[in-house]
Amino acid sequence: MIGIGKFFFKYRNLIFPVFGLLIFVPSPDVFTEKVFGPDYYYIPLILGIVLALSGQLIRALTIGLKYIVRGGKKKQVYAEDLVTEGIFHHCRNPLYLGNILMLLGVGILSNSLYFLLFTVPLFCFIYQAIILAEENFLRTTFGVQYETYTQHVNRWVPRIKGLSTTMKSMEFNWRRYVVNEYNTLYLLFLSIFLVLITHHPELIKLSTPEKIRISLTCFLILSFIYLFVRYLKKSRRLTPEPA
């Protein structure tokens, strides 16, 4: 599993975007009128958006309170420090947990049986393999310090006790959040909008030309915001820390 994790860690930026496209593969519905009644479409709508935004909230708190660089070094698992502050004091992999919740949320929003049965479990398997590879590195690098950390903090399930104290004791760095998360935010909100347009005709009763026009407008607005934030980052007008 460690070898598999290293492979997926190296190529994750090429593989993970494919998962988003799989949402649009034709599939039977999970929630149907026959089983859940005439208002069945509200179930994936509400549950999906809540889960997706919950995943983003976890990522926001993680990055804004105490960020950890997950990019590795030369596409290999790497870490200079063992970060145990902020949300990492309550969960060892909050960023990965946030990613899974976002993917699961968008999958439920799409009401795709195939996506939930095959894509989400595969996504979880890949992350589990990556985590095992990272843990192997951290255990070798930090030894007893890391072992002690794992005994008090869960790999996946966040420890709620003391969370409010942690949040009150640290200042949220919105600059760091925006600089590091604008790409994920762009993809998340674009995915949510496209799924609403393509998978929920009962809510958005528009003709095809109207859907195309609205989709294009939404895409242009989100892309403009994305490019603007990217420009601010690259020009150093927006940095993780105030000038």
# chains A, B, ... in the order shown; residues from 1 in each chain; ligands from 1
$ residues_around --residues "Phe228 (chain A)" --least-positions-apart "2" --cutoff "12 Å" --atoms "only C-alpha atoms" --output "number ranges by chain"
A: 178-179, 182-183, 186, 220-226, 230-235, 237-238
$ atom_distance --atom1 "CA of Leu117 (chain A)" --atom2 "CA of Ala133 (chain A)"
25.2 Å
$ closest_residue --among "A:Tyr11, A:Phe123, A:Phe36, A:Tyr42" --to "Leu101 (chain A)" --atoms "only C-alpha atoms"
A:Phe123
$ atom_distance --atom1 "CA of Tyr114 (chain A)" --atom2 "CA of Ser27 (chain A)"
5.8 Å
$ residues_around --residues "region 87-94 of chain A" --least-positions-apart "6" --cutoff "6 Å" --atoms "only C-alpha atoms" --output "JSON list (two decimals) with C-alpha atoms, in the first residue's frame"
[["chain", "number", "residue", "atom", "x", "y", "z"],
["A", 62, "THR", "CA", -7.32, 23.92, 8.57],
["A", 153, "VAL", "CA", -5.23, 12.22, 17.32],
["A", 154, "ASN", "CA", -7.34, 10.11, 14.94],
["A", 155, "ARG", "CA", -6.37, 9.52, 11.34],
["A", 158, "PRO", "CA", -12.03, 14.59, 14.09],
["A", 159, "ARG", "CA", -11.98, 14.90, 17.86]]
$ residues_around --residues "Ser191 (chain A)" --least-positions-apart "6" --cutoff "12 Å" --atoms "only C-alpha atoms" --output "NGL selection string"
:A and (17 or 19-24 or 48-49 or 52 or 102-103 or 105-107 or 109-110 or 184-185 or 197-199 or 215 or 218-219 or 222)
$ write_last_selection --atoms "N, CA and C atoms" --output "CSV table (one decimal), in the first residue's frame"
chain,number,residue,atom,x,y,z
A,17,PRO,N,-8.5,15.3,-11.1
A,17,PRO,CA,-9.5,16.1,-12.0
A,17,PRO,C,-10.4,15.1,-12.7
A,19,PHE,N,-11.9,12.6,-11.6
A,19,PHE,CA,-13.0,12.2,-10.8
A,19,PHE,C,-14.1,13.2,-10.9
A,20,GLY,N,-13.8,14.4,-11.1
A,20,GLY,CA,-14.9,15.4,-11.3
A,20,GLY,C,-15.7,15.2,-12.6
A,21,LEU,N,-15.0,14.8,-13.6
A,21,LEU,CA,-15.6,14.5,-14.9
A,21,LEU,C,-16.5,13.3,-14.9
A,22,LEU,N,-16.2,12.4,-14.0
A,22,LEU,CA,-17.0,11.1,-13.9
A,22,LEU,C,-18.4,11.4,-13.4
A,23,ILE,N,-18.6,12.6,-12.8
A,23,ILE,CA,-20.0,12.9,-12.3
A,23,ILE,C,-21.0,13.0,-13.4
A,24,PHE,N,-20.5,13.3,-14.6
A,24,PHE,CA,-21.4,13.5,-15.7
A,24,PHE,C,-21.6,12.2,-16.6
A,48,GLY,N,-26.3,17.0,-0.4
A,48,GLY,CA,-25.1,17.2,-1.2
A,48,GLY,C,-24.4,18.5,-1.0
A,49,ILE,N,-25.2,19.6,-1.0
A,49,ILE,CA,-24.6,20.9,-0.8
A,49,ILE,C,-24.1,21.0,0.6
A,52,ALA,N,-20.8,19.0,0.8
A,52,ALA,CA,-19.7,19.7,0.0
A,52,ALA,C,-19.2,20.9,0.8
A,102,MET,N,-16.2,16.9,0.1
A,102,MET,CA,-16.6,17.7,-1.1
A,102,MET,C,-17.0,16.8,-2.2
A,103,LEU,N,-16.1,15.8,-2.5
A,103,LEU,CA,-16.4,14.9,-3.6
A,103,LEU,C,-17.7,14.1,-3.3
A,105,GLY,N,-20.2,15.1,-1.4
A,105,GLY,CA,-21.3,16.0,-1.5
A,105,GLY,C,-21.7,16.3,-2.9
A,106,VAL,N,-20.8,16.5,-3.8
A,106,VAL,CA,-21.1,16.8,-5.2
A,106,VAL,C,-21.7,15.5,-5.9
A,107,GLY,N,-21.1,14.3,-5.4
A,107,GLY,CA,-21.7,13.1,-5.9
A,107,GLY,C,-23.1,12.8,-5.6
A,109,LEU,N,-25.2,15.2,-4.7
A,109,LEU,CA,-25.9,16.3,-5.5
A,109,LEU,C,-26.3,15.8,-6.9
A,110,SER,N,-25.3,15.1,-7.5
A,110,SER,CA,-25.6,14.6,-8.9
A,110,SER,C,-26.6,13.5,-8.9
A,184,THR,N,-9.2,25.5,-5.4
A,184,THR,CA,-10.2,24.5,-5.0
A,184,THR,C,-11.6,25.1,-4.9
A,185,LEU,N,-11.7,26.3,-4.4
A,185,LEU,CA,-13.0,27.0,-4.4
A,185,LEU,C,-13.6,27.2,-5.8
A,197,ILE,N,-27.4,22.5,-12.9
A,197,ILE,CA,-27.9,22.8,-14.3
A,197,ILE,C,-28.2,21.5,-15.0
A,198,THR,N,-27.3,20.5,-14.9
A,198,THR,CA,-27.4,19.3,-15.7
A,198,THR,C,-28.3,18.2,-15.1
A,199,HIS,N,-28.3,18.2,-13.7
A,199,HIS,CA,-28.9,17.0,-13.0
A,199,HIS,C,-30.2,17.4,-12.3
A,215,SER,N,-25.1,29.1,-18.0
A,215,SER,CA,-23.8,28.4,-17.7
A,215,SER,C,-22.6,29.1,-18.1
A,218,CYS,N,-22.1,32.1,-15.7
A,218,CYS,CA,-21.5,31.7,-14.5
A,218,CYS,C,-20.1,31.3,-14.6
A,219,PHE,N,-19.7,30.6,-15.7
A,219,PHE,CA,-18.4,30.2,-15.9
A,219,PHE,C,-17.5,31.4,-16.1
A,222,LEU,N,-17.1,33.2,-12.5
A,222,LEU,CA,-16.2,32.4,-11.6
A,222,LEU,C,-14.7,32.4,-12.1
$ select_by_dssp --residues "region 169-229 of chain A" --states "helix (DSSP H, G or I)" --output "VMD selection string"
chain A and resid 169 174 to 199 208 to 229
$ closest_residue --among "A:Arg175, A:Tyr96, A:Tyr78, A:Asn13" --to "Arg236 (chain A)" --atoms "only C-alpha atoms"
A:Arg175
$ closest_residue --among "A:Gly86, A:Asp29, A:Leu61, A:His200" --to "Thr165 (chain A)" --atoms "only C-alpha atoms"
A:Gly86
$ residues_around --residues "Tyr127 (chain A)" --least-positions-apart "5" --cutoff "12 Å" --atoms "only C-alpha atoms" --output "PDB file with N, CA and C atoms, in the first residue's frame"
ATOM      1  N   MET A   1       0.821  -1.216   0.000  1.00  0.00           N
ATOM      2  CA  MET A   1       0.000   0.000   0.000  1.00  0.00           C
ATOM      3  C   MET A   1       0.859   1.272   0.000  1.00  0.00           C
ATOM      4  N   ILE A   2       2.017   1.191   0.672  1.00  0.00           N
ATOM      5  CA  ILE A   2       2.889   2.361   0.716  1.00  0.00           C
ATOM      6  C   ILE A   2       3.391   2.712  -0.679  1.00  0.00           C
ATOM      7  N   ILE A   4       1.874   1.995  -3.505  1.00  0.00           N
ATOM      8  CA  ILE A   4       0.712   2.520  -4.233  1.00  0.00           C
ATOM      9  C   ILE A   4       0.471   3.977  -3.849  1.00  0.00           C
ATOM     10  N   GLY A   5       0.605   4.261  -2.539  1.00  0.00           N
ATOM     11  CA  GLY A   5       0.416   5.625  -2.061  1.00  0.00           C
ATOM     12  C   GLY A   5       1.430   6.581  -2.650  1.00  0.00           C
ATOM     13  N   LYS A   6       2.675   6.150  -2.760  1.00  0.00           N
ATOM     14  CA  LYS A   6       3.713   7.007  -3.349  1.00  0.00           C
ATOM     15  C   LYS A   6       3.408   7.292  -4.819  1.00  0.00           C
ATOM     16  N   PHE A   7       2.907   6.269  -5.514  1.00  0.00           N
ATOM     17  CA  PHE A   7       2.564   6.453  -6.931  1.00  0.00           C
ATOM     18  C   PHE A   7       1.452   7.489  -7.081  1.00  0.00           C
ATOM     19  N   PHE A   8       0.376   7.325  -6.309  1.00  0.00           N
ATOM     20  CA  PHE A   8      -0.745   8.250  -6.424  1.00  0.00           C
ATOM     21  C   PHE A   8      -0.378   9.647  -5.920  1.00  0.00           C
ATOM     22  N   PHE A   9       0.498   9.726  -4.928  1.00  0.00           N
ATOM     23  CA  PHE A   9       0.952  11.030  -4.461  1.00  0.00           C
ATOM     24  C   PHE A   9       1.675  11.774  -5.584  1.00  0.00           C
ATOM     25  N   ARG A  12      -1.116  12.583  -8.405  1.00  0.00           N
ATOM     26  CA  ARG A  12      -2.471  12.940  -7.950  1.00  0.00           C
ATOM     27  C   ARG A  12      -3.047  14.144  -8.675  1.00  0.00           C
ATOM     28  N   ILE A  15      -4.544  12.789 -11.811  1.00  0.00           N
ATOM     29  CA  ILE A  15      -5.604  11.785 -11.657  1.00  0.00           C
ATOM     30  C   ILE A  15      -6.883  12.388 -11.087  1.00  0.00           C
ATOM     31  N   PHE A  16      -6.773  13.217 -10.057  1.00  0.00           N
ATOM     32  CA  PHE A  16      -7.950  13.680  -9.332  1.00  0.00           C
ATOM     33  C   PHE A  16      -8.931  14.495 -10.180  1.00  0.00           C
ATOM     34  N   ASN A  93      -5.577  14.220   9.262  1.00  0.00           N
ATOM     35  CA  ASN A  93      -5.681  14.478   7.818  1.00  0.00           C
ATOM     36  C   ASN A  93      -6.926  15.303   7.483  1.00  0.00           C
ATOM     37  N   PRO A  94      -7.070  16.475   8.055  1.00  0.00           N
ATOM     38  CA  PRO A  94      -8.298  17.262   7.826  1.00  0.00           C
ATOM     39  C   PRO A  94      -8.460  17.736   6.385  1.00  0.00           C
ATOM     40  N   LEU A  95      -7.353  18.014   5.696  1.00  0.00           N
ATOM     41  CA  LEU A  95      -7.468  18.456   4.308  1.00  0.00           C
ATOM     42  C   LEU A  95      -8.002  17.339   3.423  1.00  0.00           C
ATOM     43  N   TYR A  96      -7.519  16.130   3.642  1.00  0.00           N
ATOM     44  CA  TYR A  96      -7.998  14.993   2.868  1.00  0.00           C
ATOM     45  C   TYR A  96      -9.450  14.678   3.221  1.00  0.00           C
ATOM     46  N   LEU A  97      -9.781  14.793   4.490  1.00  0.00           N
ATOM     47  CA  LEU A  97     -11.170  14.589   4.915  1.00  0.00           C
ATOM     48  C   LEU A  97     -12.081  15.599   4.225  1.00  0.00           C
ATOM     49  N   GLY A  98     -11.641  16.841   4.165  1.00  0.00           N
ATOM     50  CA  GLY A  98     -12.419  17.876   3.478  1.00  0.00           C
ATOM     51  C   GLY A  98     -12.615  17.556   2.011  1.00  0.00           C
ATOM     52  N   ASN A  99     -11.566  17.063   1.357  1.00  0.00           N
ATOM     53  CA  ASN A  99     -11.668  16.700  -0.061  1.00  0.00           C
ATOM     54  C   ASN A  99     -12.689  15.587  -0.288  1.00  0.00           C
ATOM     55  N   ILE A 100     -12.663  14.581   0.580  1.00  0.00           N
ATOM     56  CA  ILE A 100     -13.590  13.464   0.435  1.00  0.00           C
ATOM     57  C   ILE A 100     -15.028  13.930   0.643  1.00  0.00           C
ATOM     58  N   VAL A 120     -16.441   7.269  -5.551  1.00  0.00           N
ATOM     59  CA  VAL A 120     -16.141   7.711  -4.184  1.00  0.00           C
ATOM     60  C   VAL A 120     -15.298   6.678  -3.424  1.00  0.00           C
ATOM     61  N   PRO A 121     -15.654   5.378  -3.446  1.00  0.00           N
ATOM     62  CA  PRO A 121     -14.782   4.402  -2.773  1.00  0.00           C
ATOM     63  C   PRO A 121     -13.361   4.361  -3.336  1.00  0.00           C
ATOM     64  N   LEU A 122     -13.221   4.494  -4.664  1.00  0.00           N
ATOM     65  CA  LEU A 122     -11.884   4.516  -5.265  1.00  0.00           C
ATOM     66  C   LEU A 122     -11.106   5.730  -4.794  1.00  0.00           C
ATOM     67  N   LEU A 132      -0.995   6.348   4.109  1.00  0.00           N
ATOM     68  CA  LEU A 132      -0.073   5.329   4.610  1.00  0.00           C
ATOM     69  C   LEU A 132       1.360   5.629   4.178  1.00  0.00           C
ATOM     70  N   ALA A 133       1.518   6.123   2.951  1.00  0.00           N
ATOM     71  CA  ALA A 133       2.852   6.507   2.481  1.00  0.00           C
ATOM     72  C   ALA A 133       3.380   7.701   3.280  1.00  0.00           C
ATOM     73  N   GLU A 134       2.515   8.670   3.551  1.00  0.00           N
ATOM     74  CA  GLU A 134       2.924   9.829   4.341  1.00  0.00           C
ATOM     75  C   GLU A 134       3.253   9.435   5.776  1.00  0.00           C
ATOM     76  N   GLU A 135       2.435   8.568   6.343  1.00  0.00           N
ATOM     77  CA  GLU A 135       2.685   8.125   7.716  1.00  0.00           C
ATOM     78  C   GLU A 135       4.013   7.377   7.822  1.00  0.00           C
ATOM     79  N   ARG A 155      -6.769   9.360  12.741  1.00  0.00           N
ATOM     80  CA  ARG A 155      -6.371   9.519  11.337  1.00  0.00           C
ATOM     81  C   ARG A 155      -7.461  10.234  10.535  1.00  0.00           C
ATOM     82  N   TRP A 156      -8.722   9.851  10.736  1.00  0.00           N
ATOM     83  CA  TRP A 156      -9.817  10.371   9.922  1.00  0.00           C
ATOM     84  C   TRP A 156     -10.865  11.134  10.737  1.00  0.00           C
TER      85      TRP A 156
END
$ closest_residue --among "A:Ile58, A:Ile130, A:Ile108, A:Met167" --to "Glu85 (chain A)" --atoms "only C-alpha atoms"
A:Met167
